[in-house]
$ cat work17.cif   # mmCIF, N, CA and C atoms
data_coords
loop_
_atom_site.label_atom_id
_atom_site.label_comp_id
_atom_site.auth_asym_id
_atom_site.auth_seq_id
_atom_site.Cartn_x
_atom_site.Cartn_y
_atom_site.Cartn_z
N MET N 1 5.71 -53.67 -31.24
CA MET N 1 4.79 -52.72 -31.83
C MET N 1 3.33 -53.11 -31.56
N GLU N 2 3.08 -54.42 -31.51
CA GLU N 2 1.71 -54.86 -31.27
C GLU N 2 1.24 -54.46 -29.87
N LYS N 3 2.13 -54.56 -28.89
CA LYS N 3 1.76 -54.17 -27.53
C LYS N 3 1.47 -52.68 -27.45
N VAL N 4 2.23 -51.88 -28.19
CA VAL N 4 1.99 -50.43 -28.20
C VAL N 4 0.63 -50.14 -28.80
N LYS N 5 0.26 -50.83 -29.86
CA LYS N 5 -1.05 -50.64 -30.49
C LYS N 5 -2.17 -51.02 -29.52
N ILE N 6 -1.99 -52.13 -28.80
CA ILE N 6 -3.00 -52.57 -27.84
C ILE N 6 -3.16 -51.53 -26.72
N ILE N 7 -2.04 -51.00 -26.23
CA ILE N 7 -2.09 -49.98 -25.17
C ILE N 7 -2.80 -48.73 -25.68
N ASN N 8 -2.49 -48.29 -26.89
CA ASN N 8 -3.15 -47.10 -27.45
C ASN N 8 -4.65 -47.32 -27.60
N GLU N 9 -5.05 -48.50 -28.06
CA GLU N 9 -6.48 -48.79 -28.21
C GLU N 9 -7.19 -48.77 -26.86
N ARG N 10 -6.57 -49.37 -25.85
CA ARG N 10 -7.18 -49.38 -24.52
C ARG N 10 -7.25 -47.97 -23.91
N LEU N 11 -6.23 -47.16 -24.17
CA LEU N 11 -6.28 -45.78 -23.70
C LEU N 11 -7.42 -45.01 -24.36
N LYS N 12 -7.61 -45.22 -25.66
CA LYS N 12 -8.71 -44.54 -26.36
C LYS N 12 -10.06 -44.97 -25.81
N ILE N 13 -10.20 -46.26 -25.51
CA ILE N 13 -11.46 -46.77 -24.96
C ILE N 13 -11.72 -46.13 -23.59
N ALA N 14 -10.69 -46.10 -22.75
CA ALA N 14 -10.85 -45.51 -21.41
C ALA N 14 -11.17 -44.02 -21.50
N GLN N 15 -10.51 -43.30 -22.42
CA GLN N 15 -10.78 -41.88 -22.58
C GLN N 15 -12.20 -41.61 -23.05
N SER N 16 -12.67 -42.41 -24.01
CA SER N 16 -14.03 -42.20 -24.51
C SER N 16 -15.06 -42.52 -23.43
N ARG N 17 -14.78 -43.53 -22.59
CA ARG N 17 -15.68 -43.87 -21.50
C ARG N 17 -15.76 -42.72 -20.50
N GLN N 18 -14.60 -42.17 -20.11
CA GLN N 18 -14.58 -41.05 -19.18
C GLN N 18 -15.27 -39.82 -19.78
N LYS N 19 -15.08 -39.60 -21.06
CA LYS N 19 -15.70 -38.46 -21.72
C LYS N 19 -17.22 -38.60 -21.71
N SER N 20 -17.71 -39.80 -21.95
CA SER N 20 -19.16 -40.00 -21.94
C SER N 20 -19.74 -39.79 -20.55
N TYR N 21 -19.00 -40.20 -19.50
CA TYR N 21 -19.47 -39.96 -18.13
C TYR N 21 -19.55 -38.47 -17.82
N SER N 22 -18.52 -37.73 -18.21
CA SER N 22 -18.50 -36.30 -17.89
C SER N 22 -19.52 -35.53 -18.71
N ASN N 23 -19.75 -35.93 -19.94
CA ASN N 23 -20.71 -35.22 -20.78
C ASN N 23 -22.14 -35.38 -20.28
N VAL N 24 -22.46 -36.51 -19.60
CA VAL N 24 -23.80 -36.72 -19.08
C VAL N 24 -24.09 -35.72 -17.96
N ARG N 25 -23.08 -35.45 -17.15
CA ARG N 25 -23.27 -34.55 -16.01
C ARG N 25 -23.16 -33.08 -16.38
N ARG N 26 -22.55 -32.77 -17.49
CA ARG N 26 -22.32 -31.39 -17.88
C ARG N 26 -23.51 -30.85 -18.65
N ARG N 27 -23.83 -29.60 -18.39
CA ARG N 27 -24.91 -28.97 -19.14
C ARG N 27 -24.52 -27.52 -19.41
N ASP N 28 -24.96 -27.00 -20.52
CA ASP N 28 -24.68 -25.62 -20.86
C ASP N 28 -25.62 -24.71 -20.09
N LEU N 29 -25.07 -23.66 -19.55
CA LEU N 29 -25.85 -22.71 -18.80
C LEU N 29 -25.92 -21.40 -19.57
N GLU N 30 -27.08 -20.82 -19.58
CA GLU N 30 -27.24 -19.52 -20.20
C GLU N 30 -27.84 -18.56 -19.19
N PHE N 31 -27.32 -17.35 -19.18
CA PHE N 31 -27.78 -16.35 -18.25
C PHE N 31 -28.31 -15.15 -19.02
N LYS N 32 -29.27 -14.51 -18.42
CA LYS N 32 -29.84 -13.30 -19.00
C LYS N 32 -29.43 -12.12 -18.14
N GLU N 33 -29.63 -10.95 -18.67
CA GLU N 33 -29.34 -9.74 -17.90
C GLU N 33 -30.24 -9.71 -16.67
N ASP N 34 -29.66 -9.29 -15.56
CA ASP N 34 -30.33 -9.20 -14.26
C ASP N 34 -30.54 -10.55 -13.58
N ASP N 35 -29.97 -11.64 -14.10
CA ASP N 35 -30.01 -12.92 -13.40
C ASP N 35 -29.04 -12.88 -12.23
N TRP N 36 -29.41 -13.51 -11.14
CA TRP N 36 -28.54 -13.62 -9.98
C TRP N 36 -27.73 -14.89 -10.10
N VAL N 37 -26.43 -14.78 -9.91
CA VAL N 37 -25.54 -15.93 -10.04
C VAL N 37 -24.66 -15.98 -8.79
N PHE N 38 -24.52 -17.14 -8.21
CA PHE N 38 -23.65 -17.34 -7.05
C PHE N 38 -22.39 -18.05 -7.50
N TRP N 39 -21.26 -17.45 -7.18
CA TRP N 39 -19.97 -18.02 -7.55
C TRP N 39 -19.33 -18.60 -6.30
N LYS N 40 -18.73 -19.75 -6.45
CA LYS N 40 -17.98 -20.33 -5.35
C LYS N 40 -16.52 -19.97 -5.58
N VAL N 41 -15.93 -19.23 -4.63
CA VAL N 41 -14.57 -18.76 -4.77
C VAL N 41 -13.76 -19.29 -3.59
N VAL N 42 -12.67 -19.99 -3.90
CA VAL N 42 -11.75 -20.45 -2.86
C VAL N 42 -10.68 -19.40 -2.72
N GLY N 43 -10.58 -18.70 -1.55
CA GLY N 43 -9.63 -17.60 -1.40
C GLY N 43 -9.08 -17.52 0.00
N ASP N 44 -8.08 -16.65 0.17
CA ASP N 44 -7.47 -16.40 1.46
C ASP N 44 -8.18 -15.23 2.10
N LEU N 45 -8.88 -15.47 3.20
CA LEU N 45 -9.65 -14.41 3.84
C LEU N 45 -8.78 -13.28 4.36
N SER N 46 -7.52 -13.57 4.66
CA SER N 46 -6.65 -12.52 5.15
C SER N 46 -6.24 -11.55 4.04
N ALA N 47 -6.45 -11.93 2.78
CA ALA N 47 -6.09 -11.07 1.66
C ALA N 47 -7.21 -10.12 1.28
N ILE N 48 -8.36 -10.23 1.93
CA ILE N 48 -9.48 -9.36 1.61
C ILE N 48 -9.24 -7.98 2.20
N VAL N 49 -9.37 -6.97 1.35
CA VAL N 49 -9.15 -5.59 1.77
C VAL N 49 -10.50 -4.89 1.87
N PRO N 50 -10.78 -4.21 2.96
CA PRO N 50 -12.05 -3.47 3.05
C PRO N 50 -12.13 -2.42 1.95
N VAL N 51 -13.26 -2.37 1.28
CA VAL N 51 -13.43 -1.47 0.14
C VAL N 51 -13.39 -0.01 0.58
N GLU N 52 -13.77 0.27 1.81
CA GLU N 52 -13.82 1.65 2.27
C GLU N 52 -12.43 2.29 2.30
N THR N 53 -11.38 1.50 2.45
CA THR N 53 -10.04 2.07 2.56
C THR N 53 -9.41 2.38 1.21
N ILE N 54 -10.02 1.95 0.12
CA ILE N 54 -9.46 2.18 -1.20
C ILE N 54 -10.17 3.36 -1.84
N GLU N 55 -9.39 4.35 -2.28
CA GLU N 55 -9.96 5.51 -2.94
C GLU N 55 -9.92 5.28 -4.45
N VAL N 56 -11.08 5.08 -5.06
CA VAL N 56 -11.18 4.79 -6.48
C VAL N 56 -11.48 6.08 -7.23
N SER N 57 -10.74 6.32 -8.33
CA SER N 57 -10.95 7.53 -9.12
C SER N 57 -12.14 7.35 -10.05
N GLU N 58 -12.45 8.40 -10.80
CA GLU N 58 -13.58 8.34 -11.74
C GLU N 58 -13.32 7.34 -12.86
N GLU N 59 -12.06 7.09 -13.16
CA GLU N 59 -11.70 6.12 -14.21
C GLU N 59 -11.68 4.69 -13.68
N LEU N 60 -12.17 4.50 -12.45
CA LEU N 60 -12.20 3.20 -11.78
C LEU N 60 -10.81 2.61 -11.60
N SER N 61 -9.87 3.47 -11.21
CA SER N 61 -8.53 3.01 -10.89
C SER N 61 -8.14 3.61 -9.54
N TYR N 62 -7.09 3.08 -8.95
CA TYR N 62 -6.61 3.62 -7.69
C TYR N 62 -5.09 3.58 -7.69
N GLU N 63 -4.50 4.43 -6.87
CA GLU N 63 -3.06 4.54 -6.80
C GLU N 63 -2.54 3.75 -5.60
N GLU N 64 -1.58 2.90 -5.86
CA GLU N 64 -0.92 2.19 -4.77
C GLU N 64 0.05 3.15 -4.11
N ILE N 65 0.05 3.19 -2.80
CA ILE N 65 0.91 4.07 -2.05
C ILE N 65 1.87 3.23 -1.21
N PRO N 66 3.17 3.48 -1.31
CA PRO N 66 4.12 2.70 -0.53
C PRO N 66 4.08 3.10 0.94
N ILE N 67 4.23 2.10 1.79
CA ILE N 67 4.20 2.33 3.24
C ILE N 67 5.60 2.28 3.83
N ALA N 68 6.37 1.29 3.42
CA ALA N 68 7.69 1.11 4.05
C ALA N 68 8.64 0.40 3.11
N ILE N 69 9.92 0.57 3.39
CA ILE N 69 10.98 -0.15 2.70
C ILE N 69 11.34 -1.34 3.57
N LEU N 70 11.22 -2.55 3.02
CA LEU N 70 11.48 -3.75 3.80
C LEU N 70 12.91 -4.25 3.69
N ASP N 71 13.52 -4.05 2.51
CA ASP N 71 14.84 -4.62 2.28
C ASP N 71 15.54 -3.81 1.20
N ARG N 72 16.84 -4.02 1.06
CA ARG N 72 17.63 -3.31 0.06
C ARG N 72 18.65 -4.29 -0.50
N GLN N 73 18.89 -4.20 -1.81
CA GLN N 73 19.89 -5.07 -2.43
C GLN N 73 20.58 -4.33 -3.56
N VAL N 74 21.81 -4.72 -3.84
CA VAL N 74 22.58 -4.13 -4.93
C VAL N 74 22.91 -5.24 -5.92
N ARG N 75 22.45 -5.05 -7.16
CA ARG N 75 22.77 -6.02 -8.22
C ARG N 75 23.93 -5.48 -9.03
N LYS N 76 24.94 -6.29 -9.21
CA LYS N 76 26.13 -5.86 -9.94
C LYS N 76 26.06 -6.39 -11.36
N LEU N 77 26.10 -5.47 -12.31
CA LEU N 77 26.19 -5.82 -13.72
C LEU N 77 27.64 -5.63 -14.16
N ARG N 78 27.92 -5.74 -15.43
CA ARG N 78 29.31 -5.60 -15.88
C ARG N 78 29.90 -4.24 -15.55
N ASN N 79 29.19 -3.19 -15.93
CA ASN N 79 29.76 -1.86 -15.79
C ASN N 79 29.07 -0.99 -14.74
N LYS N 80 27.99 -1.49 -14.14
CA LYS N 80 27.30 -0.63 -13.18
C LYS N 80 26.63 -1.47 -12.10
N GLN N 81 26.16 -0.76 -11.09
CA GLN N 81 25.45 -1.39 -10.00
C GLN N 81 24.05 -0.78 -9.92
N ILE N 82 23.05 -1.63 -9.71
CA ILE N 82 21.67 -1.16 -9.60
C ILE N 82 21.20 -1.48 -8.18
N THR N 83 20.78 -0.43 -7.48
CA THR N 83 20.29 -0.59 -6.11
C THR N 83 18.77 -0.68 -6.15
N SER N 84 18.25 -1.73 -5.55
CA SER N 84 16.80 -1.94 -5.49
C SER N 84 16.35 -1.99 -4.04
N VAL N 85 15.10 -1.60 -3.84
CA VAL N 85 14.49 -1.67 -2.51
C VAL N 85 13.21 -2.48 -2.60
N LYS N 86 12.94 -3.23 -1.56
CA LYS N 86 11.70 -4.00 -1.49
C LYS N 86 10.65 -3.14 -0.80
N VAL N 87 9.56 -2.85 -1.53
CA VAL N 87 8.57 -1.88 -1.07
C VAL N 87 7.30 -2.59 -0.65
N LEU N 88 6.82 -2.24 0.55
CA LEU N 88 5.53 -2.72 1.02
C LEU N 88 4.49 -1.68 0.65
N TRP N 89 3.45 -2.09 -0.08
CA TRP N 89 2.42 -1.19 -0.57
C TRP N 89 1.20 -1.24 0.34
N ARG N 90 0.48 -0.12 0.40
CA ARG N 90 -0.75 -0.05 1.19
C ARG N 90 -1.75 -1.04 0.59
N ASN N 91 -2.56 -1.64 1.42
CA ASN N 91 -3.57 -2.63 1.03
C ASN N 91 -2.96 -3.91 0.47
N GLN N 92 -1.68 -4.14 0.71
CA GLN N 92 -1.03 -5.38 0.28
C GLN N 92 -0.39 -6.03 1.49
N GLN N 93 -0.21 -7.33 1.41
CA GLN N 93 0.48 -8.04 2.47
C GLN N 93 1.97 -8.08 2.15
N VAL N 94 2.77 -8.59 3.07
CA VAL N 94 4.22 -8.64 2.86
C VAL N 94 4.55 -9.45 1.61
N GLU N 95 3.76 -10.48 1.34
CA GLU N 95 4.00 -11.29 0.15
C GLU N 95 3.81 -10.49 -1.14
N GLY N 96 3.05 -9.40 -1.06
CA GLY N 96 2.80 -8.57 -2.23
C GLY N 96 3.82 -7.47 -2.42
N ALA N 97 4.87 -7.44 -1.58
CA ALA N 97 5.91 -6.42 -1.71
C ALA N 97 6.68 -6.65 -3.00
N THR N 98 7.12 -5.56 -3.61
CA THR N 98 7.82 -5.65 -4.90
C THR N 98 9.18 -4.98 -4.82
N TRP N 99 10.08 -5.41 -5.69
CA TRP N 99 11.40 -4.80 -5.80
C TRP N 99 11.31 -3.65 -6.79
N GLU N 100 11.75 -2.48 -6.37
CA GLU N 100 11.72 -1.28 -7.21
C GLU N 100 13.11 -0.65 -7.21
N VAL N 101 13.40 0.13 -8.25
CA VAL N 101 14.68 0.82 -8.34
C VAL N 101 14.72 1.94 -7.30
N GLU N 102 15.79 1.97 -6.52
CA GLU N 102 15.87 2.90 -5.40
C GLU N 102 15.80 4.36 -5.85
N ASN N 103 16.49 4.72 -6.92
CA ASN N 103 16.51 6.12 -7.37
C ASN N 103 15.11 6.61 -7.75
N GLU N 104 14.35 5.77 -8.43
CA GLU N 104 12.99 6.15 -8.81
C GLU N 104 12.10 6.32 -7.59
N MET N 105 12.25 5.44 -6.62
CA MET N 105 11.44 5.53 -5.41
C MET N 105 11.81 6.78 -4.61
N LYS N 106 13.11 7.16 -4.60
CA LYS N 106 13.53 8.37 -3.88
C LYS N 106 12.92 9.61 -4.52
N GLU N 107 12.80 9.61 -5.85
CA GLU N 107 12.21 10.76 -6.55
C GLU N 107 10.72 10.88 -6.26
N LYS N 108 10.01 9.77 -6.34
CA LYS N 108 8.55 9.80 -6.17
C LYS N 108 8.12 9.89 -4.71
N TYR N 109 8.82 9.16 -3.83
CA TYR N 109 8.41 9.05 -2.43
C TYR N 109 9.60 9.30 -1.51
N PRO N 110 10.08 10.54 -1.41
CA PRO N 110 11.26 10.80 -0.58
C PRO N 110 11.02 10.56 0.91
N TYR N 111 9.79 10.62 1.37
CA TYR N 111 9.51 10.42 2.79
C TYR N 111 9.83 9.02 3.28
N LEU N 112 9.93 8.06 2.36
CA LEU N 112 10.26 6.70 2.77
C LEU N 112 11.71 6.56 3.21
N PHE N 113 12.56 7.48 2.76
CA PHE N 113 13.99 7.36 3.01
C PHE N 113 14.48 8.30 4.11
N GLU N 114 13.59 8.95 4.81
CA GLU N 114 13.97 9.88 5.88
C GLU N 114 14.25 9.13 7.16
#
$ encode --input "work17.cif" --output "structure tokens"
Amino acid sequence: MEKVKIINERLKIAQSRQKSYSNVRRRDLEFKEDDWVFWKVVGDLSAIVPVETIEVSEELSYEEIPIAILDRQVRKLRNKQITSVKVLWRNQQVEGATWEVENEMKEKYPYLFE
């Protein structure tokens, strides 16, 4: 038990030392309206979509439109089978494709199944 107490005390000392180092370098920032702020963003440049190709409505929303069916699968439950299709959406990469219920997609977008 004594060794555990010594370890805990040393951990607390190390944590407080690290906290004091980080607090010296940290400062609170306040911004006012119309201030210019530069953000550093680490991102995948291939995921950037040109804004001109997206049609934004007055409510500042846009509709995703499916382009193609990539795959099809049938999930078997106890009493029924559910058929799903993997849909590639406009302005999305293949990694952004989603699984959707086939019947619903046929109703909304019949041209995909022609």
$ residues_around --input "work17.cif" --residues "N:Ser84" --least-positions-apart "2" --cutoff "6 Å" --atoms "only N, CA and C atoms" --output "JSON, numbers by chain"
{"N": [71, 72, 73, 74, 75, 82, 86, 99, 100, 101, 102]}
$ atom_distance --input "work17.cif" --atom1 "atom C of N:Glu63" --atom2 "atom CA of N:Val85"
18.1 Å
$ select_by_dssp --input "work17.cif" --residues "chain N" --states "helix (DSSP H, G or I)" --output "number ranges by chain"
N: 2-25, 45-47, 51-53, 94-96, 102-108, 110-113
$ closest_residue --input "work17.cif" --among "N:Lys12, N:Arg17, N:Lys3, N:Arg90" --to "N:Ile67" --atoms "all atoms listed in the file"
N:Arg90
$ atom_distance --input "work17.cif" --atom1 "atom C of N:Asp44" --atom2 "atom N of N:Pro66"
22.1 Å
$ closest_residue --input "work17.cif" --among "N:Ser16, N:Leu112, N:Asn103, N:Leu70" --to "N:Thr83" --atoms "only C-alpha atoms"
N:Asn103
$ atom_distance --input "work17.cif" --atom1 "atom CA of N:Gly43" --atom2 "atom CA of N:Glu55"
23.2 Å
$ residues_around --input "work17.cif" --residues "N:Trp89" --least-positions-apart "5" --cutoff "6.5 Å" --atoms "only N, CA and C atoms" --output "ChimeraX atom specification"
/N:64-68,96-98
